Each structure stands twice: as structure tokens, then as C-alpha cells.
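A.B. asks: Sharing a structure below in C-alpha cells format, with a few things to ask.
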Amino acid sequence: MKGIKNFFFLICCIFLCWGCKPSVTICFDASSPQEKYAATALTNTLIANNYTVRQGNGDYQIHLDIDGRRLVAEAFAISSEGKKISITGGDARGLIYGALSLSEDVRNGIMLSDCRQKNEQPAGLAFRALKHNLPWDSYRHSGTIDQHIETCRDTTYWEAFLDMMAENRFNTLTIWNLHPFPYMIMPKNFPEASPFTAAEFKEWQTLYRTIFRMAKDRAIETYVLWYNIFTTPQLARAHNLPVINEERHFYMDADTSEIVKRYIRECVTQMLDEYPDLTGVGPTLAEGMGGMTPEEREAWSIEVLIEGMRQANRKTKYIHRAPASANTLSGGSTSIEAERLTRAVIEQEAEMGFTEGPIWVEFKFNWSHGHSTPKLIKVHGGELTDTYWNPVPDNYKVAWHLRNDDFFCLRWGVPSFARDHVKMNTHPYVGGYFLGSETYIPAKDYFTTDPAHPWKYAFERQWLFYKIWGRLMYDSDTPDEVFQAEMIRRYGKKGQNLIEASSLAGATPLRFASSFDYTWDFTLYSEGLMALNYRNRQDPNSRTGVFYVSVDRLIHQPPLDPDYVSVAEYVQTIADGKSFGPTRITPLILADMLEHDCNRALALVKDINPGKDKALVYEIADISAWSYIGLHYAEKMRGAVALQTYRTQGGEENRHKAIAHFEKGLACWDEVIAVTRPLYNDMPLVHYSEMDGKNGTQWRENDHLRFHWALIRPDVANDIEIAKANPRISSPPK
């Protein structure tokens with residue numbers, strides 16, 4: 001009997017040995033914060049995957065080295081010889097990317113004994129930035145934004161956010177708010193400007209210094225961006241300035257008094273001197289400059305902002321935001337004269353010698369809605385000429401600002417769109433991208449109904465969004481298999497079809513935004529098929545705000561992408577006996593594209609049983625929601641064509657077709673509601689806004705308004721009533 005027990009003990013030991021993974025020793029320069037971060041990240045992954053990491057002679061030796069002679073900046077190479085694995089970076093950032101790449105392989109189930117040989121390097125975009133809005137002294141003000149303050153004052157949030165950035169190869173963090181200086185410095189010559197006690201200020205100072213230090217440890221550059229011309233209410237009261245601006249309106253007439261110039265100039269200098277880990281700055285020449293010409297704004301910038309940088313004890317990197325206005329107003333406009341002026345000023349700034357590296361010139365790609373067409377149609381204010389890049393500049397680079405003001409709740413991931421976008425818009429004069437929203441903050445998850453969800457922060461819900469953009473900005477040839485592998489790691493075999501399904505369903509907001517022209521952020525919200533309406537003065541019941549797009553609005557709305565055809569143009573062209581070229585996307589072609597892709601996406605996720613995996617429940621639900629939104633939009637397009645045909649040409653059969661399409665579209669919308677109602681709260685979104693009746697130039701975020709697809713169902717159903725009751729002949733809505 002004893003022999004049998006010993007036999008079974010021996011067998012168990014053999015199986016345990018087979019199940020054990022070997023030990024690992026990681027060799028690195030502990031004096032380098034970046035190498036220490038790379039080694040720590042790799043160590044954590046190995047331990048989580050049952051390896052033992054120890055000092056001395058482990059079964060495997062992993063060596064971290066930097067070789068800038070063999071590899072370019074940000075590049076890395078991984079090689080193995082026996083049980084020695086070498087990770088080499090062209091610089092510290094490349095080394096971190098190499099360590100994180102090996103970590104990714106280990107998480108995906110690849111054994112160290114099967115370590116893959118790799119050589120990767122960036123494809124040309126040196127500036128890969130995320131735009132992160134801050135909830136204090138924010139650009140706009142509402143409870144929607146304020147709810148993030150507690151999360152964003154917690155350094156563990158920033159640690160997680162910066163880890164995500166490093167893993168996805170974003171190399172720049174830009175943080176934005178209206179007037180950052182009181183939170184970062186106690187102005188030496190203007191202590192009266194501070195709203196804080198010494199103890200309160202110390203907490204803010206520690207927060208900023210910690211963010212910048214953690215970013216530097218991860219080889220991530222940091223920029224502070226702000227708006228001009230603003231001060232604090234405390235300074236305004238102390239010096240009897242004409243405007244106190246307690247409400248923090250951003251469309252204000254400029255205060256160019258000498259006291260304000262001196263205050264801001266000294267703040268810039270002191271901030272740069274007191275935060276050596278801060279990489280650069282990016283002031284804005286738009287808000288708070290009402291009444292100033294473009295020439296006056298640029299002159300003020302050089303006298304105040306640039307001079308403040310020049311007086312600092314070090315050089316700094318610099319973002320010159322392209323002017324939002326070509327006149328004295330605060331809204332958007334462009335002109336070739338303003339472009340020539342701005343280029344001349346940027347080149348003048350570059351010659352002053354206060355900057356380090358090229359100046360980054362920021363343009364909003366397709367204004368506030370970069371998730372539309374990858375073709376550059378316009379920037380903030382309108383269309384551009386080639387003035388900024390003809391001839392190609394040698395001292396500055398364009399950085400496209402790819403705004404996302406189109407979806408905040410639903411997960412999104414279309415690798416082909418990001419890949420095409422980067423490939424189409426990387427030119428010799430382009431240095432990179434910003435990615436981020438105007439006011440949305442990816443910190444607190446206020447969307448999800450289930451408080452026991454498996455993620456902590458809002459950005460973790462959109463993991464695929466960040467992974468796609470970061471990796472494809474680094475190298476646009478990164479294959480879909482990289483994203484597919486992450487899906488399978490998270491969800492096993494159930495994740496095999498999710499990248500394809502996400503790509504098919506995720507085309508819905510892109511197509512909507514391409515087919516519907518817009519300008520600033522409030523003018524379109526693709527997630528809800530909503531757009532800005534101005535009050536019709538002939539209708540006392542109408543309001544100014546962001547509402548579901550009615551069929552009347554859709555019929556006459558011009559598209560953004562010139563390949564798309566509006567409903568009105570299509571119906572008139574067909575009535576005239578004419579046709580469209582093979583590249584034009586008519587409303588009916590668009591409807592067919594949406595129907596095909598969305599039905600295919602639904603088929604791919606139909607038989608996936610998520611079981612108790614809550615994260616997978618949401619992945620499938622969001623793909624389904626986008627699909628039903630797309631199917632709804634397809635029926636809405638078909639109904640709009642039929643209704644406009646009836647209005648202009650008659651035929652009761654056309655009106656009946658329109659009604660039938662709108663009824664089918666409403667059924668699809670009900671499917672959206674059925675999918676999202678159990679999972680998502682009624683959401684306070686910054687897009688759900690109204691015009692402030694006291695000041696027509698200011699918008700207020702109404703904290704009592706909420707968004708959910710269920711809440712706008714009456715507006716969706718109203719298309720049916722419009723088709724039933726509308727007169728035959730219509731004109732564009734006013």
C-alpha cells in the first residue's frame with residue numbers, strides 16, 4: 001500500500017513539474033527610471049503568468065539594453081539565443097515598447113521558450129498624443145464634467161491611464177483646461193491671484209508633479225494647453241479688471257491690459273521653471289480674445305506667451321494651435337491671409353531659439369468630428385489652402401487633431417478606418433496626431449448600470465479604441481491579428497469574430513458623419529443620430545439644442561464627404577433623368593452598405609453566449625447596438641428618398657413606402673433600446689445642451705437633461721407622423 005502511495009506521489013510531482021514555468025532574471029540599469037519601468041512591467045506580467053522572477057541565475061536571462069547606433073528612436077528588437085533573451089531599444093522609449101511587446105506575447109500564451117524575433121520601428125509619426133481634458137476650471141462647465149474631479153485628483157487613475165498609453169505606444173499626454181496656472185504655481189508677484197490656501201495648493205502641486213514624473217518614467221512627453229486671455233476672478237477683483245468672469249465663459253472680449261500681460265507672462269515662466277518634468281506648452285489664440293484681429297492675437301502671443309517661455313531657465317517644446325478665427329470674432333473662420341500670417345509667425349518663433357525640436361502646428365481634422373471620412377475636407381473654421389505646407393516647412397510639423405465628439409458610451413473599433421486615415425494623411429509635413437474629445441473625460445464610468453463591472457475607469461471600457469489608434473499611429477502596417485489576439489486573450493474562442501464584427505458595426509457612425517455635414521462639436525452626435533437645431537422663429541415651440549435628426553433635416557442636409565449624395569440631390573438628379581458616377585455613394589447605396597454590414601455583424605455575435613463574463617456582455621451588446629443603429633439609419637435613408645420623391649413628384653405609393661420604411665426603422669430603434677436599456681443609465685452628456693437665453697453666444701450644459709436611446713424614441717417615431725401628415729411639396733427646414 002505504501003508503494004502505491006509513493007507511486008502516485010511521484011506521478012503528481014511529475015505533473016506539477018510539467019505545469020511549473022521556469023524562473024527568470026531580468027538584467028537592466030536600475031539607475032534609469034525608464035529601464036526600471038520596463039523591467040517592472042515585464043516582471044508583473046511574468047509573475048501573473050506563473051513565472052518566478054528572481055535575482056541571480058534564473059532559468060532564463062532577459063537583458064534590457066539601449067543601442068541608439070543600431071536602432072532609430074522608438075524602435076526595438078527582440079532576439080533570443082538559447083535561454084537568453086535580449087530586448088534592445090533605439091532609446092528608452094523603444095526599450096519600454098520592446099518590454100511591453102514581450103509582455104503582450106506572454107499574456108497571449110506564448111512561452112519564453114518560443115520567444116518571437118521582432119524588429120519594430122515607428123513609421124514616421126513622431127507625435128502621438130492623447131488630449132485629456134481636466135475637470136477643474138474646465139472649458140465648459142456642468143455636473144457631467146465635475147463628477148470626474150475626485151477620480152482625476154487620484155494619482156492611481158493617472159498611473160493606469162499612463163500605463164495604457166505606454167502599452168498602446170502613445171508618446172505624448174496633453175492636458176487641457178481654461179487657466180491652469182493657479183493649480184500649478186503660487187505666482188510670486190501675484191499671490192492675490194491664487195484661490196487656494198497654502199495647504200490646498202500643495203495638494204495640487206503634488207498632483208501635477210506626480211503626473212509629469214510618472215509620464216517621464218514611461219518615456220511619455222507632457223504638455224499643458226490652455227486658453228487665452230483668462231485670469232482668475234481673484235486677480236480680477238484685486239486689480240479692478242473690467243471682467244470678473246465668475247461663470248468662466250470662454251467667448252469673451254480680450255483684456256490686453258498691462259497687468260494681465262505681466263501676470264500671464266510671469267506665470268508661463270514660473271510654471272516652466274518649477275516643473276522640469278513638463279515637456280512643453282500649447283496656448284490657444286481664440287477664446288478670450290474677442291475683438292482682436294489675427295495680427296493682434298499673434299502679436300500678443302509673442303509679447304506675452306513666447307516671451308514668458310524665453311525667460312524660462314530652459315528650452316521647451318511648443319504647440320502652436322492654428323487660429324480658430326480669421327477675423328475679430330470668436331467663432332470659426334479661415335482665410336488665406338490668416339494662413340500666410342500664421343505661417344510667418346510660426347517660422348519667426350522657430351528662429352527665436354526658445355523651442356526644442358520642431359514646433360507642432362495643430363489642426364482639427366474635419367473640425368470637431370474626425371470619426372467621419374479619412375479625407376481632409378476642412379479644419380476648424382472651414383477649408384484650408386496649401387499655404388502651411390507648400391513649400392514643405394523645415395522647422396515645424398502639422399499634427400492633426402482627431403476629435404471624437406461622436407461616441408462616448410458605445411465601444412468602437414474599426415482598424416481599417418484608423419489604418420487608412422494614417423496612411424492617407426501622413427505627408428512629409430505631418431508629424432503626428434492628437435486624439436481626444438472637446439470636453440468628455442474618460443475617468444469615471446457614469447454610463448454602466450451594473451456597479452460590479454470588471455473595469456475601474458471609463459477609458460478601460462474603450463480599450464480597443466485606444467489600442468487601434470495608438471498602435472496604428474506607431475505603425476500603420478500593424479495587422480488586425482494584433483487586435484484579434486487581444487480579443488482572444490480576453491474572451492477565449494468567443495472572441496474570434498469580434499474584431500470583424502466590431503469593424504462592420506463600427507462603420508455606422510463613420511458613415512453617418514460622412515453623410516451629414518457639420519462644424520463644431522455640438523453640431524453632431526453620431527451615437528444618438530443627433531445634431532444641432534437652431535430655433536425656428538416662425539415656430540414658438542421650437543428650441544435651440546441638440547436633437548434627433550428628423551427626416552426633414554436629413555433630406556436637405558448636405559454631406560461632408562463629396563462622394564456622398566444628399567437625399568434632395570439624389571431625388572432631383574434621378575427625376576432629371578441623370579445618373580451618378582461609380583464613386584458616388586447615393587442614399588440608397590449607403591442604405592444597402594449599412595444593411596449588409598450590420599446584418600453581418602449581428603450574425604457574427606448572434607450565437608456567442610457570454611455566460612458570466614460581464615465584459616463580453618458589453619462587447620456583444622455594443623456591437624449589436626451599433627448594428628441596429630445602422631439598420632435604423634438604412635431604413636431612414638430609404639424612407640427619406642421615398643418621402644422626398646412623393647413631395648416633389650407625387651404618387652401615393654411613394655408616401656406609403658416612406659411610412660413603411662420609417663416603421664421598420666422604428667422597429668430597429670426599439671432593438672437598440674432593448675439592447676441598451678438594461679446596461680446603460682440615462683446619461684448626462686456634454687452634448688445634451690441648450691443655448692443660454694441670457695447670452696446667445698454661450699452654451700450651457702443642462703444637468704437635468706439626459707441621453708438614452710429610449711428617451712428620444714418619440715422623435716424617432718415622429719418621422720412616421722411627418723410622412724403621414726406632411727404636404728406634398730416641401731422646402732428646406734429653416
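Naming scheme: A, B, ... for chains in displayed order of the C-alpha cells; residues 1 onward per chain; ligands 1 onward as shown.
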Using DSSP secondary structure from the backbone, list all alpha helix (DSSP H) positions within stretch 552-656 of chain A, as a ChimeraX atom specification.
C.D. replies: /A:552-556,567-575,587-606,614-649,652-656
A.B. asks: Just write the chosen residues, C-alpha atoms, as a PDB file, in the first residue's frame.
C.D. replies:
ATOM      1  CA  ASP A 552     -36.945  66.838 -42.858  1.00  0.00           C
ATOM      2  CA  ARG A 553     -33.480  67.777 -41.655  1.00  0.00           C
ATOM      3  CA  LEU A 554     -31.924  64.705 -43.240  1.00  0.00           C
ATOM      4  CA  ILE A 555     -33.443  65.277 -46.682  1.00  0.00           C
ATOM      5  CA  HIS A 556     -31.840  68.667 -47.187  1.00  0.00           C
ATOM      6  CA  VAL A 567     -31.360  62.865 -50.399  1.00  0.00           C
ATOM      7  CA  ALA A 568     -32.595  66.043 -52.074  1.00  0.00           C
ATOM      8  CA  GLU A 569     -29.828  65.979 -54.684  1.00  0.00           C
ATOM      9  CA  TYR A 570     -30.393  62.309 -55.382  1.00  0.00           C
ATOM     10  CA  VAL A 571     -34.143  62.624 -55.911  1.00  0.00           C
ATOM     11  CA  GLN A 572     -33.763  65.671 -58.146  1.00  0.00           C
ATOM     12  CA  THR A 573     -30.980  64.103 -60.228  1.00  0.00           C
ATOM     13  CA  ILE A 574     -32.969  60.913 -60.816  1.00  0.00           C
ATOM     14  CA  ALA A 575     -36.057  62.975 -61.702  1.00  0.00           C
ATOM     15  CA  PRO A 587     -28.615  57.366 -50.157  1.00  0.00           C
ATOM     16  CA  LEU A 588     -29.820  54.000 -51.431  1.00  0.00           C
ATOM     17  CA  ILE A 589     -26.282  52.688 -51.891  1.00  0.00           C
ATOM     18  CA  LEU A 590     -25.474  53.869 -48.361  1.00  0.00           C
ATOM     19  CA  ALA A 591     -28.578  52.092 -47.057  1.00  0.00           C
ATOM     20  CA  ASP A 592     -27.516  48.859 -48.752  1.00  0.00           C
ATOM     21  CA  MET A 593     -23.986  49.152 -47.329  1.00  0.00           C
ATOM     22  CA  LEU A 594     -25.312  49.682 -43.826  1.00  0.00           C
ATOM     23  CA  GLU A 595     -27.797  46.845 -44.093  1.00  0.00           C
ATOM     24  CA  HIS A 596     -25.220  44.382 -45.395  1.00  0.00           C
ATOM     25  CA  ASP A 597     -22.534  45.190 -42.845  1.00  0.00           C
ATOM     26  CA  CYS A 598     -24.811  45.494 -39.826  1.00  0.00           C
ATOM     27  CA  ASN A 599     -26.637  42.252 -40.557  1.00  0.00           C
ATOM     28  CA  ARG A 600     -23.291  40.535 -40.968  1.00  0.00           C
ATOM     29  CA  ALA A 601     -22.096  41.938 -37.627  1.00  0.00           C
ATOM     30  CA  LEU A 602     -25.243  40.699 -35.894  1.00  0.00           C
ATOM     31  CA  ALA A 603     -24.779  37.251 -37.415  1.00  0.00           C
ATOM     32  CA  LEU A 604     -21.210  37.089 -36.107  1.00  0.00           C
ATOM     33  CA  VAL A 605     -22.241  37.737 -32.499  1.00  0.00           C
ATOM     34  CA  LYS A 606     -25.645  36.026 -32.556  1.00  0.00           C
ATOM     35  CA  LYS A 614     -19.664  40.827 -17.890  1.00  0.00           C
ATOM     36  CA  ALA A 615     -17.062  42.450 -20.124  1.00  0.00           C
ATOM     37  CA  LEU A 616     -18.058  40.185 -23.011  1.00  0.00           C
ATOM     38  CA  VAL A 617     -21.722  41.010 -22.390  1.00  0.00           C
ATOM     39  CA  TYR A 618     -20.945  44.667 -23.090  1.00  0.00           C
ATOM     40  CA  GLU A 619     -18.709  43.963 -26.092  1.00  0.00           C
ATOM     41  CA  ILE A 620     -21.509  41.999 -27.765  1.00  0.00           C
ATOM     42  CA  ALA A 621     -24.178  44.494 -26.724  1.00  0.00           C
ATOM     43  CA  ASP A 622     -22.310  47.471 -28.161  1.00  0.00           C
ATOM     44  CA  ILE A 623     -21.696  45.712 -31.477  1.00  0.00           C
ATOM     45  CA  SER A 624     -25.409  44.899 -31.556  1.00  0.00           C
ATOM     46  CA  ALA A 625     -26.379  48.479 -30.676  1.00  0.00           C
ATOM     47  CA  TRP A 626     -24.234  49.962 -33.454  1.00  0.00           C
ATOM     48  CA  SER A 627     -25.697  47.386 -35.844  1.00  0.00           C
ATOM     49  CA  TYR A 628     -29.296  48.252 -35.048  1.00  0.00           C
ATOM     50  CA  ILE A 629     -28.499  51.979 -35.236  1.00  0.00           C
ATOM     51  CA  GLY A 630     -27.051  51.313 -38.692  1.00  0.00           C
ATOM     52  CA  LEU A 631     -30.103  49.303 -39.764  1.00  0.00           C
ATOM     53  CA  HIS A 632     -32.319  52.105 -38.487  1.00  0.00           C
ATOM     54  CA  TYR A 633     -30.331  54.670 -40.478  1.00  0.00           C
ATOM     55  CA  ALA A 634     -30.596  52.500 -43.597  1.00  0.00           C
ATOM     56  CA  GLU A 635     -34.395  52.456 -43.326  1.00  0.00           C
ATOM     57  CA  LYS A 636     -34.444  56.168 -42.556  1.00  0.00           C
ATOM     58  CA  MET A 637     -32.455  56.859 -45.735  1.00  0.00           C
ATOM     59  CA  ARG A 638     -34.815  54.761 -47.846  1.00  0.00           C
ATOM     60  CA  GLY A 639     -37.821  56.415 -46.253  1.00  0.00           C
ATOM     61  CA  ALA A 640     -36.363  59.865 -46.832  1.00  0.00           C
ATOM     62  CA  VAL A 641     -35.870  59.123 -50.537  1.00  0.00           C
ATOM     63  CA  ALA A 642     -39.432  57.853 -50.858  1.00  0.00           C
ATOM     64  CA  LEU A 643     -40.860  60.832 -48.953  1.00  0.00           C
ATOM     65  CA  GLN A 644     -38.921  63.407 -50.975  1.00  0.00           C
ATOM     66  CA  THR A 645     -39.988  61.659 -54.175  1.00  0.00           C
ATOM     67  CA  TYR A 646     -43.609  61.899 -53.045  1.00  0.00           C
ATOM     68  CA  ARG A 647     -43.235  65.554 -52.143  1.00  0.00           C
ATOM     69  CA  THR A 648     -41.693  66.566 -55.457  1.00  0.00           C
ATOM     70  CA  GLN A 649     -43.306  64.134 -57.877  1.00  0.00           C
ATOM     71  CA  GLU A 652     -49.261  57.762 -53.020  1.00  0.00           C
ATOM     72  CA  GLU A 653     -47.188  54.627 -53.341  1.00  0.00           C
ATOM     73  CA  ASN A 654     -44.106  56.711 -52.521  1.00  0.00           C
ATOM     74  CA  ARG A 655     -45.709  58.023 -49.348  1.00  0.00           C
ATOM     75  CA  HIS A 656     -46.735  54.528 -48.299  1.00  0.00           C
TER      76      HIS A 656
END
A.B. asks: Can you pull out every residue within 10 Å of A:Gly90, counting only C-alpha atoms, but drop anything in the same chain fewer than 2 positions away, and send it as an MDAnalysis selection string?
C.D. replies: chainID A and resid 65:77 88 92:95 98 121
A.B. asks: Just list the residues in stretch 149-396 of chain A DSSP gives strand (DSSP E or B) on the backbone, as a PyMOL selection string.
C.D. replies: chain A and resi 172-176+221-226+253+280-283+286+288+290+316-321+355+359-364+369+379+382+396
A.B. asks: Quick one: residues within 7 Å of A:Pro684, only C-alpha atoms counted, chain neighbours fewer than 4 positions away excluded, as a list in words?
C.D. replies: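 What passes the distance filter is Thr144, Asp703, Leu705, Arg706 and Phe707 of chain A.
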A.B. asks: Write the residues of the preceding selection, restricted to C-alpha atoms, as an mmCIF file, in the first residue's frame.
C.D. replies:
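Just written: part_17.cif:
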data_model
loop_
_atom_site.group_PDB
_atom_site.id
_atom_site.type_symbol
_atom_site.label_atom_id
_atom_site.label_comp_id
_atom_site.auth_asym_id
_atom_site.auth_seq_id
_atom_site.Cartn_x
_atom_site.Cartn_y
_atom_site.Cartn_z
ATOM 1 C CA THR A 144 -21.189 65.959 -16.224
ATOM 2 C CA ASP A 703 -27.625 68.993 -15.858
ATOM 3 C CA LEU A 705 -31.176 66.692 -19.464
ATOM 4 C CA ARG A 706 -30.183 63.101 -20.074
ATOM 5 C CA PHE A 707 -29.416 60.977 -23.099
#
A.B. asks: Could you check the closest approach to A:Gln311 for each of A:Pro283, A:Gly290, A:Gly353, A:Pro242 and tell me which residue wins, using only C-alpha atoms?
C.D. replies: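 Using only C-alpha atoms, the shortest distance to A:Gln311 belongs to A:Gly353.
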A.B. asks: Which residue gives the smallest distance to A:Thr174 among A:Asp539, A:Glu303, A:Asp576, A:Glu221, with only C-alpha atoms counted?
C.D. replies: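 So, comparing all the options, the nearest one is A:Glu221.
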